[in-house]
Every structure is written in C-alpha cells, then in structure tokens.
Amino acid sequence: MIEAPLALVGALVALATLPGTLELATLTLAGLLPARRPRRDAGSGDSLKVVAVVPAHDEQDGITRCIESLQASEPESAHYSIAVIADNCTDETASRAREAGANVLERTEEAKVGKGHALAWAFPQLLQQGADVLIVIDADTVVEPNLVRTMRLRFGAGADAVQTRYGVLNAGESLRTRVMNVALLAFNILRPRGRDRLALSVGILGNGFALARETVLAVPYDAHSVVEDLEYHLSLVRAGRRVEFADETTVRADMPVSGPGVETQRARWEGGRFRMIRETAPALLKEILGGRPQLIELLFELLLLPLAFHAVLLLGALIIPSGPSQTYALIGLAFVVVHVLSGILVGGGGIRDVLALLTAPFYVLWKVGLSRSIARASRSETEWVRTERVSAAKEHR
C-alpha cells in the first residue's frame with residue numbers, strides 16, 4: 001500500500017530532473033568535441049568602432065585595474081574606447097575611472113537601480129556616438145590581451161553577439177572560491193562550448209559578452225531583473241539572433257571569498273533564476289507547441305536547476321524505493337559527475353580543482369541551507385547591491 005505512493009513520488013522527482021539531465025548529457029558530449037573555428041569569411045574588423053562598457057556601482061577599489069586591463073587589450077587605437085557607467089555611486093568610482101583614462105557616464109536615478117537599467121541607459125548614447133560593437137565587462141574583471149582583437153575578428157565576420165570564456169580571478173584564495181571555480185568551468189565554459197558546437201545560441205553570462213550595433217537596434221536592451229543576462233538572451237533568440245562562443249579569449253572576475261557577500265550573491269543569482277523559470281517557462285512551452293522548435297534547447301536550459309539542487313533531487317529519487325526511478329537517478333548522478341570533470345578538463349583546470357570536489361557534499365548542504373534566502377530573492381526584484389569581496393583589486397589602490 002505504501003510502495004505505490006512512494007513509487008509515484010520517485011517518478012515525479014525523476015520527471016522534474018529529466019530535462020536537466022538531458023541538457024547536461026547533450027552539452028557535456030558536445031562540449032568535449034573540438035571547438036568550432038571562428039569564421040574568417042569577412043574583413044578583420046579593424047575599422048569597427050569598439051567600445052568596452054563597464055557598468056560600475058561603488059567599485060572604486062577595482063576600477064583602475066579593470067581599465068588598465070582593457071587598455072592593454074588594444075592600446076592607442078582611434079577605433080577603441082572605454083566607457084565606465086558610474087551608476088548611482090557614492091564613492092570615487094567616477095573620478096578614479098577618469099584618472100585612469102576612461103570616458104565616464106554618470107547616472108543618478110535611485111528609482112531604477114541595477115545593471116540592466118545602467119546598460120539600457122548607456123547603450124543608446126554610445127550607439128549615437130557611433131559605436132559598432134559594445135563589449136560589457138564587469139568592474140572587478142581582468143581581460144586577456146587578445147579580447148578586442150577577438151571581437152574585431154568575430155564581428156568583422158558578421159556575428160550578432162559574442163560571449164567569451166568567463167572565469168574566476170581569485171580561485172586560489174579560499175576553498176569556497178576553488179569550488180565556485182569548478183562550477184563555473186562547467187557553467188561558463190563547457191556548456192557554452194557545447195552549445196556552440198551544436199550551432200546553438202550559447203547564452204549570455206553577464207560579463208564578457210559583446211553585441212553588434214545592429215543587434216542592439218533590433219533588440220533594445222530591456223532587461224532589468226537580477227538575471228538580466230538570461231532575460232536578454234531569451235529576447236535575442238526569440239528575435240532570431242545567435243550568440244557565438246569565443247573560446248579563444250577569457251575574462252576573469254573576483255568572487256567573494258567568505259562571509260555574507262557569498263550568501264548574498266548566490267541567493268540573488270539563483271533566486272532570480274527560479275523567478276525566470278516560474279515566469280518564462282510556460283510561455284516558452286506555448287511558443288514551442290505553437291511552431292517554434294528552435295526554442296526547445298532554451299526551455300531545457302531554463303529547466304536545468306542550479307547543479308546543487310539538481311543533484312539533491314536526483315539523490316531524493318535514488319533513496320525512494322522505486323526501481324526505475326533509482327536506476328534513472330544513478331544515471332543522472334553519473335552525468336553530473338562526468339559533467340563537472342569535463343568542465344575541469346575543457347576549462348583548463350588542474351588537480352587542485354579535482355581535489356576540491358571532495359568538499360562538494362558540504363557545498364551542496366550550504367546551498368540547500370540558503371533555500372529560504374533564495375526563495376525570498378525569487379519573489380521580488382533585487383536591487384544592485386555590490387557584493388563584498390576580498391581580492392587583489394584592493395591591493396591596487
């Protein structure tokens with residue numbers, strides 16, 4: 001009598017994770033294939049006016065380092081500039097950015113706080129000034145020297161939008177940042193690489209993405225949630241635009257080391273994602289059933305929960321006494337392990353990253369402990385609150 005209801009629960013839990021498991025399996029296998037070569041069927045893009053856009057809210061400690069990194073990517077070019085959006089700042093972000101040589105756009109609009117609002121405000125101004133390519137770089141970021149050259153080649157060949165590799169700058173500062181680095185090797189490198197190999201739009205990661213002038217004019221940046229990158233990517237794909245993956249260059253940013261900054265950041269990100277699932281998945285399904293099969297992968301990507309919660313659900317299906325569900329759960333968990341290890345391999349990780357996986361159960365428990373904070377974040381818009389970090393950026397002052 002009890003076994004039948006338990007079997008039903010096991011089946012429902014398994015069903016909830018099935019889209020995510022299929023997504024993980026597909027992207028892992030595709031991501032392990034050789035990367036697609038960038039197109040070289042057009043000009044070099046040397047004449048394109050490229051603008052690196054740095055949205056910054058109270059980032060005085062790291063803004064100079066970021067600007068110097070961007071300057072090194074293409075020094076002394078008449079077709080390249082750096083624009084810092086000093087958004088509702090209460091510190092010296094604007095003055096330090098000017099001293100470092102960037103153009104500064106100061107915005108004060110307390111009723112509309114957030115990175116999405118900052119970009120939506122700045123993009124039209126930069127396009128009016130003649131920008132052909134807009135590269136969005138977070139203020140706590142260091143870019144590789146080939147960033148601008150990579151973008152020129154990509155957009156010279158006709159790209160709509162481009163996303164670079166996005167890694168962790170301070171992976172070695174703590175065990176937590178090391179584990180976060182492992183997670184991002186899979187999320188920010190393996191998965192986009194897999195999508196690109198399948199000729200899909202790879203997504204926008206919020207940092208290190210670039211948009212062509214024509215793309216922004218066709219799909220104005222109108223994304224204001226805490227996961228504005230995911231929100232805007234949905235708009236791009238619905239409009240028939242594709243984001244390419246620039247596997248040949250990387251941007252790296254600081255992650256919070258410990259304390260409330262870590263919890264705040266994770267709750268904001270994952271709460272925002274759960275909110276997007278709730279608000280967007282039904283509409284996506286309706287569009288797919290209405291004759292837009294190109295949105296299927298987007299729906300599966302959206303339904304893939306953060307990896308810790310995906311693993312917890314699979315563990316739940318595993319312990320419920322139901323043969324088929326338990327078999328599926330074992331397969332699903334195996335894909336999770338293979339996915340993470342593949343991310344380390346493709347992302348250029350090392351033995352320290354592999355060893356960091358020994359702490360994964362504690363990381364999962366910590367994430368589950370944030371459930372209430374994540375639930376609160378999923379119910380309301382979250383303001384742009386700068387995440388406190390302990391990083392090399394502070395040593396640059």
# chains A, B, ... in the order shown; residues from 1 in each chain; ligands from 1
$ residues_around --residues "Asn188 of chain A" --least-positions-apart "3" --cutoff "8 Å" --atoms "only C-alpha atoms" --output "ChimeraX atom specification"
/A:165-167,184-185,191-192,205
$ closest_residue --among "A:Thr26, A:Gln129, A:Gln163, A:Thr359" --to "His79 of chain A" --atoms "only C-alpha atoms"
A:Gln129
$ closest_atom_pairs --of "segment 194-285 of chain A" --to "segment 290-293 of chain A" --cutoff "10 Å" --atoms "only C-alpha atoms" --output "JSON lines"
{"residue": "A:Arg238", "atom": "CA", "partner": "A:Arg292", "partner_atom": "CA", "distance": 9.1}
{"residue": "A:Leu284", "atom": "CA", "partner": "A:Arg292", "partner_atom": "CA", "distance": 9.1}
{"residue": "A:Leu285", "atom": "CA", "partner": "A:Gly290", "partner_atom": "CA", "distance": 8.4}
$ closest_residue --among "A:Glu173, A:Asp140, A:Glu74, A:Glu228" --to "Met276 of chain A" --atoms "only C-alpha atoms"
A:Glu228
$ atom_distance --atom1 "atom CA of Ala218 of chain A" --atom2 "atom CA of Ile135 of chain A"
17.0 Å
$ decode --residues "segment 121-220 of chain A" --atoms "C-alpha atoms" --output "CSV table (one decimal), in the first residue's frame"
chain,number,residue,atom,x,y,z
A,121,TRP,CA,20.5,53.9,-20.3
A,122,ALA,CA,24.0,53.9,-21.7
A,123,PHE,CA,23.7,51.8,-24.9
A,124,PRO,CA,21.6,54.4,-26.9
A,125,GLN,CA,24.1,57.1,-26.0
A,126,LEU,CA,27.0,55.0,-27.2
A,127,LEU,CA,25.3,54.0,-30.4
A,128,GLN,CA,24.5,57.6,-31.1
A,129,GLN,CA,28.2,58.3,-30.8
A,130,GLY,CA,28.9,55.8,-33.5
A,131,ALA,CA,29.7,52.5,-31.6
A,132,ASP,CA,29.7,49.4,-33.8
A,133,VAL,CA,30.4,46.9,-31.1
A,134,LEU,CA,29.6,47.1,-27.4
A,135,ILE,CA,31.6,44.8,-25.0
A,136,VAL,CA,30.2,44.5,-21.5
A,137,ILE,CA,32.9,44.0,-18.8
A,138,ASP,CA,32.2,44.0,-15.0
A,139,ALA,CA,34.2,46.4,-13.0
A,140,ASP,CA,36.0,43.7,-11.0
A,141,THR,CA,37.3,42.0,-14.1
A,142,VAL,CA,40.7,41.5,-15.8
A,143,VAL,CA,40.6,40.6,-19.5
A,144,GLU,CA,43.1,38.8,-21.7
A,145,PRO,CA,45.2,40.9,-24.1
A,146,ASN,CA,43.5,39.4,-27.2
A,147,LEU,CA,40.0,40.4,-26.2
A,148,VAL,CA,39.5,43.3,-28.6
A,149,ARG,CA,41.2,41.6,-31.5
A,150,THR,CA,39.0,38.5,-31.0
A,151,MET,CA,35.9,40.7,-31.0
A,152,ARG,CA,37.0,42.5,-34.2
A,153,LEU,CA,37.5,39.2,-36.0
A,154,ARG,CA,34.2,37.8,-34.8
A,155,PHE,CA,32.1,40.9,-35.6
A,156,GLY,CA,34.1,41.5,-38.8
A,157,ALA,CA,32.8,38.1,-39.9
A,158,GLY,CA,29.2,39.1,-39.1
A,159,ALA,CA,28.5,37.9,-35.6
A,160,ASP,CA,25.3,39.1,-33.9
A,161,ALA,CA,26.6,38.7,-30.4
A,162,VAL,CA,29.6,37.0,-28.8
A,163,GLN,CA,30.3,35.6,-25.3
A,164,THR,CA,33.8,34.9,-24.1
A,165,ARG,CA,35.0,32.4,-21.5
A,166,TYR,CA,34.3,33.8,-18.1
A,167,GLY,CA,36.5,32.5,-15.2
A,168,VAL,CA,37.4,33.2,-11.6
A,169,LEU,CA,40.3,35.5,-11.0
A,170,ASN,CA,40.8,34.6,-7.3
A,171,ALA,CA,40.2,30.8,-7.4
A,172,GLY,CA,43.1,30.1,-5.1
A,173,GLU,CA,42.0,32.5,-2.3
A,174,SER,CA,39.8,30.0,-0.4
A,175,LEU,CA,38.3,26.6,-0.7
A,176,ARG,CA,35.0,28.1,-1.5
A,177,THR,CA,36.3,30.1,-4.4
A,178,ARG,CA,38.0,27.0,-5.7
A,179,VAL,CA,34.7,25.1,-5.6
A,180,MET,CA,33.0,28.0,-7.3
A,181,ASN,CA,35.7,28.0,-10.0
A,182,VAL,CA,35.0,24.3,-10.6
A,183,ALA,CA,31.2,25.0,-11.0
A,184,LEU,CA,31.9,27.9,-13.4
A,185,LEU,CA,34.3,25.9,-15.5
A,186,ALA,CA,31.3,23.7,-16.3
A,187,PHE,CA,28.7,26.5,-16.5
A,188,ASN,CA,30.7,29.2,-18.2
A,189,ILE,CA,33.0,27.2,-20.5
A,190,LEU,CA,31.8,23.6,-21.1
A,191,ARG,CA,28.1,24.4,-21.6
A,192,PRO,CA,28.6,27.4,-24.0
A,193,ARG,CA,31.2,25.4,-25.9
A,194,GLY,CA,28.8,22.5,-26.3
A,195,ARG,CA,26.0,24.8,-27.5
A,196,ASP,CA,28.4,26.5,-30.0
A,197,ARG,CA,29.4,23.1,-31.3
A,198,LEU,CA,25.8,22.4,-31.9
A,199,ALA,CA,25.3,25.7,-33.7
A,200,LEU,CA,23.0,27.0,-30.9
A,201,SER,CA,23.0,30.4,-29.3
A,202,VAL,CA,25.4,29.9,-26.3
A,203,GLY,CA,23.8,32.4,-23.9
A,204,ILE,CA,25.0,35.5,-22.1
A,205,LEU,CA,26.9,35.2,-18.9
A,206,GLY,CA,26.6,38.8,-17.8
A,207,ASN,CA,30.3,39.5,-18.1
A,208,GLY,CA,32.5,39.3,-21.3
A,209,PHE,CA,29.7,39.5,-23.8
A,210,ALA,CA,29.5,41.8,-26.8
A,211,LEU,CA,26.7,43.0,-29.1
A,212,ALA,CA,26.8,44.3,-32.6
A,213,ARG,CA,25.2,47.7,-33.3
A,214,GLU,CA,22.5,46.1,-35.5
A,215,THR,CA,21.7,43.6,-32.7
A,216,VAL,CA,21.1,46.3,-30.1
A,217,LEU,CA,19.0,48.4,-32.6
A,218,ALA,CA,16.9,45.3,-33.4
A,219,VAL,CA,16.6,44.0,-29.8
A,220,PRO,CA,17.0,47.0,-27.5
